[in-house]
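Participant: Just so it is clear, I am handing over my_file-v6.cif, which has mmCIF, C-alpha atoms.
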```cif
data_query
loop_
_atom_site.group_PDB
_atom_site.id
_atom_site.type_symbol
_atom_site.label_atom_id
_atom_site.label_comp_id
_atom_site.auth_asym_id
_atom_site.auth_seq_id
_atom_site.Cartn_x
_atom_site.Cartn_y
_atom_site.Cartn_z
ATOM 1 C CA MET U 1 72.003 25.454 158.942
ATOM 2 C CA ALA U 2 72.013 25.633 155.138
ATOM 3 C CA PRO U 3 70.922 22.517 153.268
ATOM 4 C CA THR U 4 73.627 20.469 151.605
ATOM 5 C CA GLU U 5 73.654 17.226 149.637
ATOM 6 C CA THR U 6 73.309 15.287 152.894
ATOM 7 C CA THR U 7 71.060 17.650 154.877
ATOM 8 C CA PRO U 8 67.634 18.317 153.378
ATOM 9 C CA LYS U 9 65.959 21.721 153.148
ATOM 10 C CA LEU U 10 63.566 21.946 156.093
ATOM 11 C CA ILE U 11 60.207 23.721 156.015
ATOM 12 C CA LEU U 12 58.753 25.178 159.209
ATOM 13 C CA VAL U 13 55.246 23.696 159.630
ATOM 14 C CA GLY U 14 54.343 24.643 163.199
ATOM 15 C CA HIS U 15 55.393 24.970 166.804
ATOM 16 C CA VAL U 16 54.429 23.356 170.090
ATOM 17 C CA ALA U 17 51.995 25.617 171.915
ATOM 18 C CA GLY U 18 52.074 23.519 175.109
ATOM 19 C CA GLY U 19 50.237 20.731 176.831
ATOM 20 C CA PHE U 20 46.529 20.006 176.558
ATOM 21 C CA GLY U 21 44.592 18.355 179.343
ATOM 22 C CA VAL U 22 46.229 16.095 181.904
ATOM 23 C CA LYS U 23 46.971 13.013 179.792
ATOM 24 C CA GLY U 24 50.018 14.198 177.877
ATOM 25 C CA GLU U 25 48.376 15.554 174.752
ATOM 26 C CA VAL U 26 50.174 18.396 173.003
ATOM 27 C CA ARG U 27 48.839 21.523 171.295
ATOM 28 C CA ILE U 28 50.558 22.461 168.060
ATOM 29 C CA THR U 29 50.043 25.710 166.191
ATOM 30 C CA ALA U 30 50.094 24.695 162.534
ATOM 31 C CA TYR U 31 51.397 26.836 159.684
ATOM 32 C CA THR U 32 49.928 24.504 157.053
ATOM 33 C CA ALA U 33 46.727 24.976 155.067
ATOM 34 C CA ASP U 34 45.404 21.720 156.524
ATOM 35 C CA PRO U 35 46.490 21.379 160.164
ATOM 36 C CA LEU U 36 45.786 17.633 160.145
ATOM 37 C CA ALA U 37 48.457 17.219 157.464
ATOM 38 C CA LEU U 38 51.003 17.377 160.307
ATOM 39 C CA THR U 39 50.113 13.768 161.127
ATOM 40 C CA ALA U 40 50.701 12.644 157.538
ATOM 41 C CA TYR U 41 54.208 14.142 157.256
ATOM 42 C CA GLY U 42 55.716 11.534 159.566
ATOM 43 C CA PRO U 43 58.230 12.581 162.199
ATOM 44 C CA LEU U 44 58.312 16.330 162.718
ATOM 45 C CA LEU U 45 61.890 17.521 163.057
ATOM 46 C CA ARG U 46 63.777 20.115 165.073
ATOM 47 C CA ALA U 47 65.675 22.902 163.293
ATOM 48 C CA ASP U 48 68.859 20.791 163.359
ATOM 49 C CA GLY U 49 67.098 17.902 161.555
ATOM 50 C CA THR U 50 66.842 15.623 164.598
ATOM 51 C CA PRO U 51 63.464 14.078 165.491
ATOM 52 C CA GLY U 52 61.149 16.346 167.470
ATOM 53 C CA LEU U 53 57.696 14.759 167.588
ATOM 54 C CA THR U 54 55.725 12.072 165.841
ATOM 55 C CA LEU U 55 51.976 12.595 165.983
ATOM 56 C CA THR U 56 50.115 9.287 166.205
ATOM 57 C CA GLN U 57 46.661 10.805 166.723
ATOM 58 C CA SER U 58 45.412 14.320 166.172
ATOM 59 C CA ARG U 59 42.298 16.411 165.938
ATOM 60 C CA ALA U 60 41.910 19.888 164.494
ATOM 61 C CA THR U 61 41.475 22.991 166.623
ATOM 62 C CA LYS U 62 40.919 26.598 165.542
ATOM 63 C CA ASP U 63 44.665 27.291 165.199
ATOM 64 C CA GLY U 64 46.238 23.876 164.759
ATOM 65 C CA VAL U 65 45.960 20.412 166.245
ATOM 66 C CA VAL U 66 45.842 18.608 169.550
ATOM 67 C CA GLY U 67 47.521 15.247 169.391
ATOM 68 C CA ARG U 68 49.325 12.379 171.011
ATOM 69 C CA SER U 69 52.969 11.565 170.570
ATOM 70 C CA PRO U 70 54.980 8.610 171.883
ATOM 71 C CA GLN U 71 57.648 11.121 172.969
ATOM 72 C CA ILE U 72 55.214 12.733 175.439
ATOM 73 C CA ALA U 73 53.608 10.950 178.395
ATOM 74 C CA THR U 74 52.577 13.833 180.684
ATOM 75 C CA LYS U 75 51.288 17.390 180.503
ATOM 76 C CA GLU U 76 54.570 18.546 182.051
ATOM 77 C CA GLU U 77 56.566 16.921 179.227
ATOM 78 C CA ALA U 78 54.307 18.615 176.679
ATOM 79 C CA ASP U 79 54.657 21.980 178.424
ATOM 80 C CA ALA U 80 58.450 21.578 178.485
ATOM 81 C CA LEU U 81 58.397 21.510 174.657
ATOM 82 C CA ARG U 82 56.500 24.823 174.401
ATOM 83 C CA ASN U 83 57.794 26.941 171.487
ATOM 84 C CA LEU U 84 59.661 24.008 169.903
ATOM 85 C CA LYS U 85 59.613 24.754 166.182
ATOM 86 C CA LEU U 86 58.666 21.767 164.025
ATOM 87 C CA TYR U 87 59.963 21.156 160.513
ATOM 88 C CA VAL U 88 59.412 18.756 157.629
ATOM 89 C CA PRO U 89 61.943 18.019 154.854
ATOM 90 C CA ARG U 90 60.939 19.794 151.625
ATOM 91 C CA ASP U 91 60.905 16.482 149.730
ATOM 92 C CA ARG U 92 57.920 15.259 151.795
ATOM 93 C CA PHE U 93 55.694 17.903 150.220
ATOM 94 C CA PRO U 94 53.889 17.284 146.938
ATOM 95 C CA GLU U 95 55.448 18.894 143.908
ATOM 96 C CA PRO U 96 53.731 22.188 143.100
ATOM 97 C CA ASP U 97 51.775 22.650 139.898
ATOM 98 C CA GLU U 98 53.357 24.330 136.899
ATOM 99 C CA ASP U 99 53.979 28.054 137.549
ATOM 100 C CA GLU U 100 53.674 27.440 141.319
ATOM 101 C CA PHE U 101 56.353 27.053 143.968
ATOM 102 C CA TYR U 102 56.854 26.986 147.694
ATOM 103 C CA LEU U 103 58.304 30.127 149.281
ATOM 104 C CA ALA U 104 60.999 27.903 150.775
ATOM 105 C CA ASP U 105 62.163 27.144 147.207
ATOM 106 C CA LEU U 106 63.359 30.760 146.983
ATOM 107 C CA ILE U 107 65.966 30.255 149.698
ATOM 108 C CA GLY U 108 69.435 29.944 148.197
ATOM 109 C CA VAL U 109 68.413 31.486 144.861
ATOM 110 C CA GLU U 110 70.654 34.236 143.431
ATOM 111 C CA ALA U 111 69.216 37.757 143.200
ATOM 112 C CA ARG U 112 70.426 39.470 139.999
ATOM 113 C CA ASP U 113 69.961 43.061 138.927
ATOM 114 C CA PRO U 114 68.546 43.974 135.475
ATOM 115 C CA GLU U 115 72.102 43.909 134.011
ATOM 116 C CA GLY U 116 72.616 40.353 135.261
ATOM 117 C CA VAL U 117 74.987 41.260 138.102
ATOM 118 C CA VAL U 118 74.580 38.969 141.109
ATOM 119 C CA LEU U 119 73.553 41.104 144.073
ATOM 120 C CA GLY U 120 73.342 38.315 146.600
ATOM 121 C CA THR U 121 71.450 35.210 147.652
ATOM 122 C CA VAL U 122 67.987 34.861 149.152
ATOM 123 C CA ARG U 123 68.606 33.995 152.794
ATOM 124 C CA ALA U 124 64.987 33.882 153.982
ATOM 125 C CA VAL U 125 61.446 34.900 153.163
ATOM 126 C CA GLN U 126 60.120 37.120 155.943
ATOM 127 C CA ASN U 127 56.678 38.548 156.588
ATOM 128 C CA PHE U 128 56.474 41.413 159.051
ATOM 129 C CA GLY U 129 52.714 41.836 158.669
ATOM 130 C CA ALA U 130 52.214 43.518 155.317
ATOM 131 C CA ASP U 131 53.697 41.335 152.578
ATOM 132 C CA ASP U 132 56.441 38.831 151.988
ATOM 133 C CA MET U 133 59.969 40.233 151.874
ATOM 134 C CA LEU U 134 63.048 38.489 150.524
ATOM 135 C CA GLU U 135 66.029 38.797 152.852
ATOM 136 C CA ILE U 136 69.102 39.031 150.648
ATOM 137 C CA THR U 137 72.655 38.271 151.774
ATOM 138 C CA PRO U 138 74.991 40.457 149.673
ATOM 139 C CA VAL U 139 77.718 38.805 147.575
ATOM 140 C CA ALA U 140 80.389 40.985 149.163
ATOM 141 C CA GLY U 141 79.156 40.229 152.661
ATOM 142 C CA GLY U 142 77.858 42.799 155.080
ATOM 143 C CA GLN U 143 74.339 43.623 156.220
ATOM 144 C CA THR U 144 71.444 41.723 154.683
ATOM 145 C CA TRP U 145 68.820 43.809 152.922
ATOM 146 C CA PHE U 146 65.169 43.301 152.103
ATOM 147 C CA LEU U 147 63.406 43.220 148.760
ATOM 148 C CA PRO U 148 59.609 43.262 148.554
ATOM 149 C CA PHE U 149 58.362 40.054 146.975
ATOM 150 C CA THR U 150 56.147 41.833 144.465
ATOM 151 C CA LYS U 151 55.824 41.688 140.689
ATOM 152 C CA ALA U 152 57.498 45.117 140.427
ATOM 153 C CA ALA U 153 60.514 44.192 142.575
ATOM 154 C CA THR U 154 60.870 40.561 141.405
ATOM 155 C CA PRO U 155 59.397 40.539 137.897
ATOM 156 C CA GLU U 156 61.134 37.321 136.798
ATOM 157 C CA LEU U 157 61.680 34.034 138.632
ATOM 158 C CA HIS U 158 64.015 31.457 137.099
ATOM 159 C CA LEU U 159 63.959 28.953 139.946
ATOM 160 C CA SER U 160 65.055 25.987 137.842
ATOM 161 C CA ASP U 161 68.137 28.008 136.870
ATOM 162 C CA GLY U 162 68.674 29.222 140.443
ATOM 163 C CA TRP U 163 68.081 32.971 140.079
ATOM 164 C CA LEU U 164 65.515 35.740 140.157
ATOM 165 C CA LEU U 165 65.494 39.276 138.797
ATOM 166 C CA ALA U 166 65.717 41.801 141.637
ATOM 167 C CA VAL U 167 64.677 45.396 140.971
ATOM 168 C CA ARG U 168 65.482 47.475 144.028
ATOM 169 C CA PRO U 169 62.767 49.943 145.125
ATOM 170 C CA GLN U 170 64.641 53.043 143.881
ATOM 171 C CA GLU U 171 65.015 51.277 140.508
ATOM 172 C CA VAL U 172 61.260 50.552 140.461
ATOM 173 C CA GLY U 173 60.589 54.303 140.902
ATOM 174 C CA GLU U 174 63.059 55.149 138.144
ATOM 175 C CA GLN U 175 61.397 52.669 135.742
ATOM 176 C CA GLU U 176 57.933 54.127 136.460
ATOM 177 C CA ALA U 177 59.269 57.651 135.749
ATOM 178 C CA ASP U 178 60.597 56.575 132.313
#
```
Kindly return the structure encoded in the file as structure tokens.
Facilitator:
Amino acid sequence: MAPTETTPKLILVGHVAGGFGVKGEVRITAYTADPLALTAYGPLLRADGTPGLTLTQSRATKDGVVGRSPQIATKEEADALRNLKLYVPRDRFPEPDEDEFYLADLIGVEARDPEGVVLGTVRAVQNFGADDMLEITPVAGGQTWFLPFTKAATPELHLSDGWLLAVRPQEVGEQEAD
């Protein structure tokens, strides 16, 4: 679901890993720098923007948090939520410092070639293990393509204007040869 004026941009912050113990606590794998921040964000949402979980108590573990939620009373209820992805609206995050941004802020930004031609729109930021890749949806439709999120391939970011400069890998090689 793409964000609109009425639906906020959602940031994936973790997922339910399952139940913990026998008293209805839930394990959450956190994707945040500080796992305990999940409690401070308020209600954690599902991908469709509906409420998922609200953590009322939590403690850090090696890969996230273990916590209590009023939506969960038993271990079985916690286990039933396993793999539920949890999101927070982008506007709940602090504003980044100057010359910083959240990767999620790249989604929806136009990718333009060095001549200024719009190639497409950033659909997602993926990481397949090596580095971040921008998934680009072409203007004319068709198969999405990937652009490495490196200084060579994306030398200019104009996020406030809604675009970034995209230099495709073959173009990077051509520029180095010049």
Participant: To verify the selection step, state as a list in words which residues the PyMOL selection byres ((chain U and resi 35) around 8) yields on this input.
Facilitator: Ala30, Tyr31, Thr32, Ala33, Asp34, Leu36, Ala37, Leu38, Ala60, Asp63, Gly64 and Val65 of chain U
Participant: Considering only C-alpha atoms, state which residue in the set U:Leu44, U:Thr54, U:Gly49, U:Val66 is at the smallest distance from Val26 in chain U.
Facilitator: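 So, comparing all the options, the nearest one is U:Val66.
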Participant: Name the residues captured by the PyMOL selection byres ((chain U and resi 139-154) around 6) when it is applied to the shown file; answer as a list in words.
Facilitator: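 When the PyMOL selection byres ((chain U and resi 139-154) around 6) is applied to the shown file, the picked residues are Leu119, Gly120, Asp132, Met133, Leu134, Glu135, Ile136, Thr137, Pro138, Pro155, Glu156, Leu165, Ala166 and Val167 of chain U.
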Participant: If you apply the PyMOL selection byres ((chain U and resi 56) around 9) to this file, what residues do you get, as a list in words?
Facilitator: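 Taken on the displayed file, the PyMOL selection byres ((chain U and resi 56) around 9) yields the residues Thr39, Gly42, Thr54, Leu55, Gln57, Ser58, Gly67, Arg68, Ser69 and Pro70 of chain U.
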Participant: From (56.2, 28.9, 142.5), in the file's coordinates, out to 12 Å: which residues are reached, counting all atoms listed in the file? Answer as a list in words.
Facilitator: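 It turns out the residues near that spot are Glu95, Pro96, Asp97, Glu98, Asp99, Glu100, Phe101, Tyr102, Leu103, Ala104, Asp105, Leu106, Glu156, Leu157, His158, Leu159, Ser160 and Leu164 of chain U.
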Participant: Export range 135-149 of chain U, N, CA, C and O atoms, as a PDB file, in the first residue's frame; it's the structure right above.
Facilitator:
```pdb
ATOM      1  N   GLU U 135      15.274  -0.525  -5.474  1.00  0.00           N
ATOM      2  CA  GLU U 135      14.415  -1.201  -6.451  1.00  0.00           C
ATOM      3  C   GLU U 135      13.635  -0.113  -7.163  1.00  0.00           C
ATOM      4  O   GLU U 135      12.894   0.641  -6.535  1.00  0.00           O
ATOM      5  N   ILE U 136      13.801  -0.031  -8.456  1.00  0.00           N
ATOM      6  CA  ILE U 136      13.217   1.039  -9.261  1.00  0.00           C
ATOM      7  C   ILE U 136      12.080   0.480 -10.112  1.00  0.00           C
ATOM      8  O   ILE U 136      12.252  -0.503 -10.831  1.00  0.00           O
ATOM      9  N   THR U 137      10.925   1.136 -10.043  1.00  0.00           N
ATOM     10  CA  THR U 137       9.803   0.815 -10.924  1.00  0.00           C
ATOM     11  C   THR U 137       9.907   1.739 -12.127  1.00  0.00           C
ATOM     12  O   THR U 137       9.875   2.962 -11.984  1.00  0.00           O
ATOM     13  N   PRO U 138      10.065   1.180 -13.339  1.00  0.00           N
ATOM     14  CA  PRO U 138      10.231   2.013 -14.533  1.00  0.00           C
ATOM     15  C   PRO U 138       8.996   2.873 -14.818  1.00  0.00           C
ATOM     16  O   PRO U 138       7.868   2.478 -14.527  1.00  0.00           O
ATOM     17  N   VAL U 139       9.221   4.036 -15.422  1.00  0.00           N
ATOM     18  CA  VAL U 139       8.138   4.946 -15.793  1.00  0.00           C
ATOM     19  C   VAL U 139       7.180   4.267 -16.757  1.00  0.00           C
ATOM     20  O   VAL U 139       5.967   4.373 -16.616  1.00  0.00           O
ATOM     21  N   ALA U 140       7.714   3.532 -17.710  1.00  0.00           N
ATOM     22  CA  ALA U 140       6.889   2.908 -18.742  1.00  0.00           C
ATOM     23  C   ALA U 140       6.287   1.582 -18.286  1.00  0.00           C
ATOM     24  O   ALA U 140       5.667   0.890 -19.072  1.00  0.00           O
ATOM     25  N   GLY U 141       6.469   1.255 -17.027  1.00  0.00           N
ATOM     26  CA  GLY U 141       5.967  -0.024 -16.533  1.00  0.00           C
ATOM     27  C   GLY U 141       6.957  -1.136 -16.836  1.00  0.00           C
ATOM     28  O   GLY U 141       8.057  -0.901 -17.317  1.00  0.00           O
ATOM     29  N   GLY U 142       6.575  -2.335 -16.556  1.00  0.00           N
ATOM     30  CA  GLY U 142       7.451  -3.468 -16.808  1.00  0.00           C
ATOM     31  C   GLY U 142       8.194  -3.895 -15.552  1.00  0.00           C
ATOM     32  O   GLY U 142       7.852  -3.509 -14.433  1.00  0.00           O
ATOM     33  N   GLN U 143       9.223  -4.683 -15.753  1.00  0.00           N
ATOM     34  CA  GLN U 143       9.997  -5.284 -14.667  1.00  0.00           C
ATOM     35  C   GLN U 143      10.772  -4.228 -13.879  1.00  0.00           C
ATOM     36  O   GLN U 143      11.396  -3.338 -14.464  1.00  0.00           O
ATOM     37  N   THR U 144      10.729  -4.341 -12.550  1.00  0.00           N
ATOM     38  CA  THR U 144      11.550  -3.442 -11.743  1.00  0.00           C
ATOM     39  C   THR U 144      13.010  -3.813 -11.945  1.00  0.00           C
ATOM     40  O   THR U 144      13.340  -4.925 -12.353  1.00  0.00           O
ATOM     41  N   TRP U 145      13.891  -2.872 -11.668  1.00  0.00           N
ATOM     42  CA  TRP U 145      15.323  -3.122 -11.780  1.00  0.00           C
ATOM     43  C   TRP U 145      16.006  -2.562 -10.543  1.00  0.00           C
ATOM     44  O   TRP U 145      15.416  -1.801  -9.781  1.00  0.00           O
ATOM     45  N   PHE U 146      17.231  -2.989 -10.323  1.00  0.00           N
ATOM     46  CA  PHE U 146      17.947  -2.625  -9.111  1.00  0.00           C
ATOM     47  C   PHE U 146      19.129  -1.728  -9.418  1.00  0.00           C
ATOM     48  O   PHE U 146      19.819  -1.909 -10.417  1.00  0.00           O
ATOM     49  N   LEU U 147      19.342  -0.770  -8.540  1.00  0.00           N
ATOM     50  CA  LEU U 147      20.457   0.163  -8.644  1.00  0.00           C
ATOM     51  C   LEU U 147      21.209   0.107  -7.325  1.00  0.00           C
ATOM     52  O   LEU U 147      20.602   0.279  -6.260  1.00  0.00           O
ATOM     53  N   PRO U 148      22.518  -0.146  -7.364  1.00  0.00           N
ATOM     54  CA  PRO U 148      23.268  -0.145  -6.102  1.00  0.00           C
ATOM     55  C   PRO U 148      23.159   1.234  -5.438  1.00  0.00           C
ATOM     56  O   PRO U 148      23.227   2.263  -6.122  1.00  0.00           O
ATOM     57  N   PHE U 149      22.968   1.236  -4.142  1.00  0.00           N
ATOM     58  CA  PHE U 149      22.899   2.515  -3.433  1.00  0.00           C
ATOM     59  C   PHE U 149      24.307   2.862  -2.972  1.00  0.00           C
ATOM     60  O   PHE U 149      24.691   2.706  -1.816  1.00  0.00           O
TER      61      PHE U 149
END
```
